[in-house]
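Q: Okay, so here is upload.txt, and as you'll see once you scroll down, it has compact mmCIF, N, CA and C atoms.
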# COMPACT_ATOMS: atom_id res chain seq x y z
N MET A 331 -40.32 -4.67 -18.44
CA MET A 331 -39.57 -5.79 -17.92
C MET A 331 -38.34 -6.02 -18.78
N ARG A 332 -37.34 -6.56 -18.15
CA ARG A 332 -36.12 -6.92 -18.88
C ARG A 332 -35.97 -8.43 -18.90
N TYR A 333 -35.58 -8.92 -20.05
CA TYR A 333 -35.43 -10.36 -20.25
C TYR A 333 -34.09 -10.61 -20.95
N ILE A 334 -33.51 -11.77 -20.70
CA ILE A 334 -32.34 -12.24 -21.44
C ILE A 334 -32.64 -13.67 -21.88
N TYR A 335 -32.57 -13.90 -23.19
CA TYR A 335 -32.80 -15.22 -23.77
C TYR A 335 -31.65 -15.57 -24.69
N THR A 336 -31.51 -16.84 -24.97
CA THR A 336 -30.56 -17.30 -25.98
C THR A 336 -31.28 -17.39 -27.31
N ALA A 337 -30.66 -16.83 -28.33
CA ALA A 337 -31.16 -16.95 -29.70
C ALA A 337 -30.21 -17.86 -30.47
N THR A 338 -30.77 -18.59 -31.43
CA THR A 338 -29.95 -19.45 -32.29
C THR A 338 -29.90 -18.83 -33.68
N PHE A 339 -28.75 -18.98 -34.34
CA PHE A 339 -28.52 -18.41 -35.67
C PHE A 339 -27.93 -19.50 -36.56
N THR A 340 -28.62 -19.77 -37.65
CA THR A 340 -28.17 -20.79 -38.59
C THR A 340 -27.94 -20.12 -39.95
N PRO A 341 -26.68 -20.11 -40.41
CA PRO A 341 -26.42 -19.48 -41.71
C PRO A 341 -26.82 -20.39 -42.85
N ASN A 342 -27.19 -19.78 -44.00
CA ASN A 342 -27.40 -20.59 -45.20
C ASN A 342 -26.03 -20.95 -45.77
N ASP A 343 -25.99 -21.70 -46.85
CA ASP A 343 -24.73 -22.24 -47.38
C ASP A 343 -23.70 -21.18 -47.75
N ASP A 344 -24.14 -20.05 -48.33
CA ASP A 344 -23.17 -19.04 -48.75
C ASP A 344 -23.06 -17.86 -47.77
N LEU A 345 -23.63 -18.04 -46.58
CA LEU A 345 -23.58 -17.03 -45.51
C LEU A 345 -24.25 -15.71 -45.90
N SER A 346 -25.16 -15.77 -46.86
CA SER A 346 -25.85 -14.55 -47.28
C SER A 346 -27.14 -14.31 -46.48
N MET A 347 -27.48 -15.27 -45.63
CA MET A 347 -28.67 -15.14 -44.80
C MET A 347 -28.51 -15.98 -43.55
N TYR A 348 -29.03 -15.47 -42.45
CA TYR A 348 -29.03 -16.20 -41.19
C TYR A 348 -30.48 -16.37 -40.74
N TYR A 349 -30.82 -17.58 -40.38
CA TYR A 349 -32.13 -17.87 -39.80
C TYR A 349 -31.98 -17.77 -38.29
N ALA A 350 -32.86 -17.02 -37.66
CA ALA A 350 -32.75 -16.78 -36.23
C ALA A 350 -34.03 -17.17 -35.52
N ARG A 351 -33.88 -17.70 -34.32
CA ARG A 351 -35.06 -18.01 -33.50
C ARG A 351 -34.69 -17.98 -32.03
N VAL A 352 -35.72 -17.81 -31.21
CA VAL A 352 -35.56 -17.91 -29.76
C VAL A 352 -36.33 -19.15 -29.35
N PRO A 353 -35.62 -20.23 -29.02
CA PRO A 353 -36.29 -21.50 -28.72
C PRO A 353 -37.32 -21.42 -27.59
N ASP A 354 -37.11 -20.52 -26.63
CA ASP A 354 -38.03 -20.41 -25.49
C ASP A 354 -39.30 -19.64 -25.81
N LEU A 355 -39.36 -18.99 -26.97
CA LEU A 355 -40.53 -18.19 -27.35
C LEU A 355 -41.10 -18.79 -28.63
N PRO A 356 -42.08 -19.68 -28.51
CA PRO A 356 -42.63 -20.39 -29.68
C PRO A 356 -43.05 -19.45 -30.80
N GLY A 357 -42.55 -19.73 -31.99
CA GLY A 357 -42.91 -18.93 -33.15
C GLY A 357 -42.08 -17.68 -33.33
N CYS A 358 -41.15 -17.42 -32.44
CA CYS A 358 -40.32 -16.22 -32.53
C CYS A 358 -39.14 -16.54 -33.44
N ILE A 359 -39.32 -16.25 -34.73
CA ILE A 359 -38.30 -16.55 -35.74
C ILE A 359 -38.21 -15.38 -36.72
N THR A 360 -37.06 -15.26 -37.34
CA THR A 360 -36.86 -14.23 -38.35
C THR A 360 -35.60 -14.57 -39.14
N THR A 361 -35.23 -13.70 -40.04
CA THR A 361 -33.99 -13.86 -40.80
C THR A 361 -33.24 -12.53 -40.84
N GLY A 362 -31.97 -12.62 -41.19
CA GLY A 362 -31.16 -11.42 -41.36
C GLY A 362 -30.17 -11.62 -42.49
N SER A 363 -29.75 -10.54 -43.10
CA SER A 363 -28.83 -10.64 -44.23
C SER A 363 -27.38 -10.81 -43.78
N SER A 364 -27.13 -10.61 -42.50
CA SER A 364 -25.82 -10.84 -41.90
C SER A 364 -26.08 -11.27 -40.46
N LEU A 365 -25.04 -11.71 -39.79
CA LEU A 365 -25.23 -12.10 -38.39
C LEU A 365 -25.70 -10.91 -37.56
N GLN A 366 -25.09 -9.74 -37.75
CA GLN A 366 -25.49 -8.55 -37.00
C GLN A 366 -26.95 -8.19 -37.29
N ASP A 367 -27.35 -8.26 -38.56
CA ASP A 367 -28.73 -7.97 -38.92
C ASP A 367 -29.67 -9.00 -38.28
N ALA A 368 -29.28 -10.26 -38.28
CA ALA A 368 -30.12 -11.30 -37.67
C ALA A 368 -30.26 -11.08 -36.17
N ILE A 369 -29.18 -10.64 -35.51
CA ILE A 369 -29.26 -10.35 -34.07
C ILE A 369 -30.24 -9.20 -33.84
N ASN A 370 -30.13 -8.15 -34.65
CA ASN A 370 -31.06 -7.02 -34.52
C ASN A 370 -32.50 -7.45 -34.78
N GLN A 371 -32.71 -8.24 -35.82
CA GLN A 371 -34.06 -8.67 -36.20
C GLN A 371 -34.67 -9.57 -35.12
N ILE A 372 -33.90 -10.51 -34.57
CA ILE A 372 -34.47 -11.42 -33.57
C ILE A 372 -34.72 -10.68 -32.25
N THR A 373 -33.90 -9.69 -31.95
CA THR A 373 -34.14 -8.89 -30.75
C THR A 373 -35.45 -8.13 -30.89
N ASP A 374 -35.69 -7.58 -32.08
CA ASP A 374 -36.94 -6.87 -32.35
C ASP A 374 -38.13 -7.85 -32.30
N ALA A 375 -37.97 -9.01 -32.92
CA ALA A 375 -39.05 -10.01 -32.91
C ALA A 375 -39.36 -10.47 -31.49
N ALA A 376 -38.34 -10.72 -30.70
CA ALA A 376 -38.55 -11.15 -29.31
C ALA A 376 -39.21 -10.04 -28.50
N SER A 377 -38.84 -8.79 -28.77
CA SER A 377 -39.47 -7.66 -28.08
C SER A 377 -40.97 -7.64 -28.35
N GLY A 378 -41.34 -7.75 -29.63
CA GLY A 378 -42.76 -7.78 -29.99
C GLY A 378 -43.47 -8.97 -29.38
N TRP A 379 -42.85 -10.13 -29.41
CA TRP A 379 -43.43 -11.36 -28.85
C TRP A 379 -43.71 -11.16 -27.37
N LEU A 380 -42.73 -10.63 -26.64
CA LEU A 380 -42.87 -10.47 -25.18
C LEU A 380 -43.88 -9.38 -24.82
N VAL A 381 -43.96 -8.30 -25.60
CA VAL A 381 -44.95 -7.26 -25.35
C VAL A 381 -46.36 -7.83 -25.47
N VAL A 382 -46.60 -8.60 -26.53
CA VAL A 382 -47.91 -9.22 -26.71
C VAL A 382 -48.20 -10.18 -25.56
N ALA A 383 -47.23 -10.99 -25.18
CA ALA A 383 -47.43 -11.94 -24.09
C ALA A 383 -47.76 -11.21 -22.78
N GLU A 384 -47.06 -10.12 -22.50
CA GLU A 384 -47.35 -9.34 -21.29
C GLU A 384 -48.77 -8.77 -21.36
N ASP A 385 -49.13 -8.19 -22.51
CA ASP A 385 -50.45 -7.57 -22.65
C ASP A 385 -51.58 -8.58 -22.55
N GLU A 386 -51.35 -9.78 -23.06
CA GLU A 386 -52.39 -10.82 -23.07
C GLU A 386 -52.36 -11.69 -21.82
N GLY A 387 -51.40 -11.46 -20.93
CA GLY A 387 -51.30 -12.26 -19.70
C GLY A 387 -50.88 -13.70 -19.97
N LEU A 388 -50.13 -13.91 -21.06
CA LEU A 388 -49.68 -15.26 -21.41
C LEU A 388 -48.49 -15.66 -20.56
N ASP A 389 -48.28 -16.96 -20.44
CA ASP A 389 -47.12 -17.46 -19.72
C ASP A 389 -45.86 -17.12 -20.51
N ILE A 390 -44.86 -16.65 -19.82
CA ILE A 390 -43.58 -16.34 -20.44
C ILE A 390 -42.56 -17.29 -19.83
N ALA A 391 -41.99 -18.13 -20.68
CA ALA A 391 -41.07 -19.16 -20.22
C ALA A 391 -39.79 -18.54 -19.65
N SER A 392 -39.25 -19.19 -18.66
CA SER A 392 -37.93 -18.81 -18.16
C SER A 392 -36.89 -19.21 -19.20
N PRO A 393 -35.79 -18.49 -19.25
CA PRO A 393 -34.77 -18.82 -20.24
C PRO A 393 -34.15 -20.19 -19.96
N THR A 394 -33.95 -20.95 -21.01
CA THR A 394 -33.27 -22.23 -20.92
C THR A 394 -31.77 -21.97 -20.88
N PRO A 395 -31.03 -22.63 -20.01
CA PRO A 395 -29.57 -22.47 -20.03
C PRO A 395 -29.01 -22.85 -21.41
N GLN A 396 -28.01 -22.11 -21.87
CA GLN A 396 -27.46 -22.37 -23.21
C GLN A 396 -27.01 -23.82 -23.36
N ALA A 397 -26.44 -24.39 -22.33
CA ALA A 397 -25.95 -25.77 -22.42
C ALA A 397 -27.06 -26.76 -22.71
N ASP A 398 -28.30 -26.39 -22.41
CA ASP A 398 -29.44 -27.30 -22.61
C ASP A 398 -30.16 -27.07 -23.94
N ILE A 399 -29.71 -26.13 -24.73
CA ILE A 399 -30.36 -25.84 -26.02
C ILE A 399 -29.74 -26.76 -27.08
N PRO A 400 -30.58 -27.56 -27.76
CA PRO A 400 -30.05 -28.43 -28.81
C PRO A 400 -29.48 -27.60 -29.97
N THR A 401 -28.33 -28.01 -30.46
CA THR A 401 -27.70 -27.28 -31.56
C THR A 401 -27.40 -28.23 -32.71
N GLU A 402 -27.23 -27.63 -33.88
CA GLU A 402 -26.84 -28.37 -35.07
C GLU A 402 -25.49 -27.81 -35.54
N GLU A 403 -24.82 -28.54 -36.41
CA GLU A 403 -23.54 -28.09 -36.92
C GLU A 403 -23.69 -26.74 -37.61
N GLY A 404 -22.79 -25.82 -37.30
CA GLY A 404 -22.79 -24.49 -37.91
C GLY A 404 -23.69 -23.49 -37.19
N MET A 405 -24.50 -23.95 -36.25
CA MET A 405 -25.41 -23.05 -35.54
C MET A 405 -24.64 -22.23 -34.51
N LEU A 406 -24.99 -20.97 -34.41
CA LEU A 406 -24.39 -20.08 -33.43
C LEU A 406 -25.42 -19.74 -32.37
N LEU A 407 -24.97 -19.52 -31.15
CA LEU A 407 -25.84 -19.10 -30.06
C LEU A 407 -25.39 -17.74 -29.56
N SER A 408 -26.34 -16.92 -29.20
CA SER A 408 -26.02 -15.62 -28.63
C SER A 408 -27.11 -15.21 -27.65
N LEU A 409 -26.70 -14.55 -26.60
CA LEU A 409 -27.68 -13.98 -25.68
C LEU A 409 -28.23 -12.70 -26.30
N ILE A 410 -29.53 -12.49 -26.13
CA ILE A 410 -30.14 -11.23 -26.53
C ILE A 410 -30.84 -10.66 -25.31
N GLN A 411 -30.82 -9.36 -25.20
CA GLN A 411 -31.48 -8.68 -24.09
C GLN A 411 -32.65 -7.88 -24.62
N VAL A 412 -33.79 -8.03 -23.96
CA VAL A 412 -35.01 -7.34 -24.37
C VAL A 412 -35.51 -6.52 -23.19
N ASP A 413 -35.83 -5.27 -23.45
CA ASP A 413 -36.43 -4.38 -22.45
C ASP A 413 -37.78 -3.95 -23.03
N THR A 414 -38.87 -4.56 -22.54
CA THR A 414 -40.18 -4.28 -23.12
C THR A 414 -40.66 -2.86 -22.84
N ILE A 415 -40.22 -2.25 -21.75
CA ILE A 415 -40.63 -0.87 -21.48
C ILE A 415 -39.98 0.06 -22.51
N ALA A 416 -38.69 -0.13 -22.77
CA ALA A 416 -38.01 0.69 -23.77
C ALA A 416 -38.60 0.44 -25.16
N TYR A 417 -38.93 -0.82 -25.45
CA TYR A 417 -39.53 -1.15 -26.75
C TYR A 417 -40.89 -0.46 -26.91
N ARG A 418 -41.69 -0.49 -25.86
CA ARG A 418 -43.00 0.19 -25.91
C ARG A 418 -42.81 1.69 -26.13
N ALA A 419 -41.86 2.28 -25.44
CA ALA A 419 -41.62 3.73 -25.57
C ALA A 419 -41.21 4.09 -26.99
N LYS A 420 -40.47 3.20 -27.63
CA LYS A 420 -39.99 3.46 -28.99
C LYS A 420 -41.07 3.21 -30.05
N THR A 421 -41.93 2.23 -29.83
CA THR A 421 -42.85 1.81 -30.90
C THR A 421 -44.30 2.24 -30.70
N ASP A 422 -44.72 2.48 -29.48
CA ASP A 422 -46.13 2.84 -29.24
C ASP A 422 -46.20 4.30 -28.85
N THR A 423 -46.35 5.15 -29.85
CA THR A 423 -46.33 6.60 -29.60
C THR A 423 -47.74 7.21 -29.63
N ARG A 424 -48.75 6.35 -29.54
CA ARG A 424 -50.13 6.87 -29.51
C ARG A 424 -50.33 7.73 -28.26
N ALA A 425 -51.11 8.78 -28.40
CA ALA A 425 -51.47 9.61 -27.25
C ALA A 425 -52.81 9.14 -26.71
N VAL A 426 -52.93 9.09 -25.41
CA VAL A 426 -54.16 8.70 -24.73
C VAL A 426 -54.54 9.82 -23.77
N ARG A 427 -55.80 10.21 -23.83
CA ARG A 427 -56.27 11.27 -22.93
C ARG A 427 -56.55 10.70 -21.56
N LYS A 428 -56.07 11.40 -20.52
CA LYS A 428 -56.31 11.01 -19.14
C LYS A 428 -56.78 12.25 -18.39
N ASN A 429 -57.82 12.10 -17.61
CA ASN A 429 -58.24 13.18 -16.73
C ASN A 429 -57.48 13.06 -15.43
N VAL A 430 -56.94 14.15 -14.97
CA VAL A 430 -56.26 14.17 -13.68
C VAL A 430 -56.85 15.30 -12.85
N SER A 431 -56.75 15.15 -11.56
CA SER A 431 -57.24 16.18 -10.65
C SER A 431 -56.06 16.86 -9.98
N LEU A 432 -56.10 18.20 -10.00
CA LEU A 432 -55.07 19.00 -9.35
C LEU A 432 -55.76 20.00 -8.44
N PRO A 433 -55.12 20.39 -7.37
CA PRO A 433 -55.68 21.49 -6.58
C PRO A 433 -55.76 22.74 -7.46
N ALA A 434 -56.81 23.52 -7.28
CA ALA A 434 -57.04 24.70 -8.11
C ALA A 434 -55.84 25.65 -8.10
N TRP A 435 -55.25 25.87 -6.92
CA TRP A 435 -54.12 26.79 -6.84
C TRP A 435 -52.93 26.29 -7.68
N MET A 436 -52.74 24.96 -7.70
CA MET A 436 -51.62 24.38 -8.43
C MET A 436 -51.84 24.53 -9.94
N ALA A 437 -53.06 24.27 -10.39
CA ALA A 437 -53.39 24.41 -11.81
C ALA A 437 -53.23 25.86 -12.25
N ALA A 438 -53.70 26.78 -11.43
CA ALA A 438 -53.60 28.20 -11.76
C ALA A 438 -52.13 28.65 -11.83
N MET A 439 -51.33 28.21 -10.88
CA MET A 439 -49.92 28.60 -10.86
C MET A 439 -49.19 28.01 -12.07
N ALA A 440 -49.50 26.76 -12.41
CA ALA A 440 -48.89 26.13 -13.59
C ALA A 440 -49.25 26.91 -14.84
N ASP A 441 -50.51 27.31 -14.96
CA ASP A 441 -50.94 28.11 -16.12
C ASP A 441 -50.18 29.43 -16.19
N ARG A 442 -50.05 30.11 -15.05
CA ARG A 442 -49.35 31.40 -15.03
C ARG A 442 -47.89 31.26 -15.42
N ARG A 443 -47.30 30.14 -15.05
CA ARG A 443 -45.88 29.93 -15.35
C ARG A 443 -45.65 29.24 -16.70
N GLY A 444 -46.73 28.93 -17.41
CA GLY A 444 -46.61 28.30 -18.72
C GLY A 444 -46.13 26.86 -18.66
N ILE A 445 -46.47 26.18 -17.58
CA ILE A 445 -46.06 24.78 -17.42
C ILE A 445 -47.08 23.88 -18.09
N ASN A 446 -46.60 22.98 -18.93
CA ASN A 446 -47.44 22.01 -19.62
C ASN A 446 -47.64 20.81 -18.68
N CYS A 447 -48.80 20.70 -18.08
CA CYS A 447 -49.05 19.63 -17.10
C CYS A 447 -48.97 18.24 -17.73
N SER A 448 -49.37 18.11 -18.97
CA SER A 448 -49.27 16.82 -19.65
C SER A 448 -47.81 16.39 -19.77
N GLN A 449 -46.93 17.33 -20.12
CA GLN A 449 -45.52 17.01 -20.26
C GLN A 449 -44.90 16.66 -18.90
N VAL A 450 -45.29 17.39 -17.87
CA VAL A 450 -44.78 17.10 -16.53
C VAL A 450 -45.20 15.70 -16.09
N LEU A 451 -46.45 15.34 -16.36
CA LEU A 451 -46.94 14.00 -16.02
C LEU A 451 -46.18 12.93 -16.80
N GLN A 452 -45.98 13.16 -18.11
CA GLN A 452 -45.23 12.19 -18.91
C GLN A 452 -43.80 12.03 -18.39
N ASP A 453 -43.14 13.13 -18.09
CA ASP A 453 -41.77 13.07 -17.58
C ASP A 453 -41.71 12.32 -16.25
N GLY A 454 -42.68 12.62 -15.38
CA GLY A 454 -42.71 11.95 -14.07
C GLY A 454 -42.97 10.46 -14.19
N LEU A 455 -43.91 10.08 -15.06
CA LEU A 455 -44.19 8.66 -15.25
C LEU A 455 -43.01 7.94 -15.89
N ALA A 456 -42.36 8.59 -16.85
CA ALA A 456 -41.19 7.95 -17.49
C ALA A 456 -40.09 7.71 -16.45
N ALA A 457 -39.88 8.67 -15.56
CA ALA A 457 -38.87 8.49 -14.51
C ALA A 457 -39.27 7.37 -13.55
N ARG A 458 -40.53 7.33 -13.18
CA ARG A 458 -41.03 6.29 -12.28
C ARG A 458 -40.95 4.90 -12.87
N LEU A 459 -41.18 4.82 -14.21
CA LEU A 459 -41.19 3.54 -14.91
C LEU A 459 -39.80 3.15 -15.42
N ASN A 460 -38.81 4.00 -15.17
CA ASN A 460 -37.45 3.79 -15.69
C ASN A 460 -37.46 3.62 -17.20
N ALA A 461 -38.30 4.41 -17.86
CA ALA A 461 -38.42 4.30 -19.33
C ALA A 461 -37.56 5.31 -20.04
Would you mind writing the file out in structure tokens?
A:
Amino acid sequence: MRYIYTATFTPNDDLSMYYARVPDLPGCITTGSSLQDAINQITDAASGWLVVAEDEGLDIASPTPQADIPTEEGMLLSLIQVDTIAYRAKTDTRAVRKNVSLPAWMAAMADRRGINCSQVLQDGLAARLNA
């Protein structure tokens, strides 16, 4: 799934650290050593938060319009985009065994041609899932 949320960024006094959070995702907070680092860190944190919420069947809040997000002096707002399918592909590289059924002639022909059926299945699923 793809999501777009607003993240808030609050710098410390000497701008050596930014505190970042996504108000719509409770507990989704992190820090960064620069604004760019904080954007990267909060995008990663939101990705993990949303993957867990999807897996656990938790409610995922709709994004609040930026104009409705309370701000404090010095706070910056930025949209972040999260793609949980891409995040899963990058972070969850565990292999899982699956039994599949193929017609005997197809399996034999694949063997003769040196085709890796597992790789073909992975490629096909990745294309189907837009991953």
Q: For the point (-43.7, -15.3, -20.9) in the file's frame, write as a PDB file with N, CA and C atoms, in the coordinates of the input all residues with an atom no more than 8 Å away, counting all atoms listed in the file.
A:
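That gives us result07.pdb:
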ATOM      1  N   ASP A 354     -37.110 -20.520 -26.630  1.00  0.00           N
ATOM      2  CA  ASP A 354     -38.030 -20.410 -25.490  1.00  0.00           C
ATOM      3  C   ASP A 354     -39.300 -19.640 -25.810  1.00  0.00           C
ATOM      4  N   LEU A 355     -39.360 -18.990 -26.970  1.00  0.00           N
ATOM      5  CA  LEU A 355     -40.530 -18.190 -27.350  1.00  0.00           C
ATOM      6  C   LEU A 355     -41.100 -18.790 -28.630  1.00  0.00           C
ATOM      7  N   TRP A 379     -42.850 -10.130 -29.410  1.00  0.00           N
ATOM      8  CA  TRP A 379     -43.430 -11.360 -28.850  1.00  0.00           C
ATOM      9  C   TRP A 379     -43.710 -11.160 -27.370  1.00  0.00           C
ATOM     10  N   LEU A 380     -42.730 -10.630 -26.640  1.00  0.00           N
ATOM     11  CA  LEU A 380     -42.870 -10.470 -25.180  1.00  0.00           C
ATOM     12  C   LEU A 380     -43.880  -9.380 -24.820  1.00  0.00           C
ATOM     13  N   ALA A 383     -47.230 -10.990 -25.180  1.00  0.00           N
ATOM     14  CA  ALA A 383     -47.430 -11.940 -24.090  1.00  0.00           C
ATOM     15  C   ALA A 383     -47.760 -11.210 -22.780  1.00  0.00           C
ATOM     16  N   GLU A 384     -47.060 -10.120 -22.500  1.00  0.00           N
ATOM     17  CA  GLU A 384     -47.350  -9.340 -21.290  1.00  0.00           C
ATOM     18  C   GLU A 384     -48.770  -8.770 -21.360  1.00  0.00           C
ATOM     19  N   GLY A 387     -51.400 -11.460 -20.930  1.00  0.00           N
ATOM     20  CA  GLY A 387     -51.300 -12.260 -19.700  1.00  0.00           C
ATOM     21  C   GLY A 387     -50.880 -13.700 -19.970  1.00  0.00           C
ATOM     22  N   LEU A 388     -50.130 -13.910 -21.060  1.00  0.00           N
ATOM     23  CA  LEU A 388     -49.680 -15.260 -21.410  1.00  0.00           C
ATOM     24  C   LEU A 388     -48.490 -15.660 -20.560  1.00  0.00           C
ATOM     25  N   ASP A 389     -48.280 -16.960 -20.440  1.00  0.00           N
ATOM     26  CA  ASP A 389     -47.120 -17.460 -19.720  1.00  0.00           C
ATOM     27  C   ASP A 389     -45.860 -17.120 -20.510  1.00  0.00           C
ATOM     28  N   ILE A 390     -44.860 -16.650 -19.820  1.00  0.00           N
ATOM     29  CA  ILE A 390     -43.580 -16.340 -20.440  1.00  0.00           C
ATOM     30  C   ILE A 390     -42.560 -17.290 -19.830  1.00  0.00           C
ATOM     31  N   ALA A 391     -41.990 -18.130 -20.680  1.00  0.00           N
ATOM     32  CA  ALA A 391     -41.070 -19.160 -20.220  1.00  0.00           C
ATOM     33  C   ALA A 391     -39.790 -18.540 -19.650  1.00  0.00           C
ATOM     34  N   SER A 392     -39.250 -19.190 -18.660  1.00  0.00           N
ATOM     35  CA  SER A 392     -37.930 -18.810 -18.160  1.00  0.00           C
ATOM     36  C   SER A 392     -36.890 -19.210 -19.200  1.00  0.00           C
TER      37      SER A 392
END
Q: From the set A:Cys358, A:Leu459, A:Leu365, A:Val352, which residue has the shortest atom-to-atom contact distance to Ile415 (chain A), counting only C-alpha atoms?
A: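 Closest to Ile415 (chain A), using only C-alpha atoms: A:Leu459.
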Q: Which polymer residues have any atom within 10 Å of an atom of region 398-409 of chain A, counting only C-alpha atoms, with same-chain residues fewer than 6 positions away left out, as a ChimeraX atom specification?
A: /A:334-343,348-354,365,369,373
Q: Rank A:Met347, A:Val450, A:Gln371, A:Gln411 by their smallest atom-to-atom distance to Met331 (chain A), using only C-alpha atoms, and report the top residue only.
A: A:Gln411
Q: Could you check how far CA of Leu345 (chain A) sits from CA of Val412 (chain A), in Å to one decimal?
A: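 Going from CA of Leu345 (chain A) over to CA of Val412 (chain A), I get 25.9 Å.
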Q: DSSP on the backbone: what in chain A comes out strand (DSSP E or B), as an NGL selection string?
A: :A and (332-341 or 348-351 or 359-362 or 406-413)
Q: May I ask which of the residues A:Ser377, A:Asn429, A:Met439, A:Gly362 is the closest one to Tyr417 (chain A), counting all atoms listed in the file?
A: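 Using all atoms listed in the file, the shortest distance to Tyr417 (chain A) belongs to A:Ser377.
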Q: Please list as a list in words every residue within 8 Å of Asn460 (chain A), counting only N, CA and C atoms and excluding residues in the same chain fewer than 4 positions away.
A: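 The residues that qualify are Ile415, Ala416, Gly454, Leu455 and Ala456 of chain A.
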Q: At what distance in Å, to one decimal, does CA of Thr423 (chain A) lie from CA of Thr361 (chain A)?
A: 26.4 Å
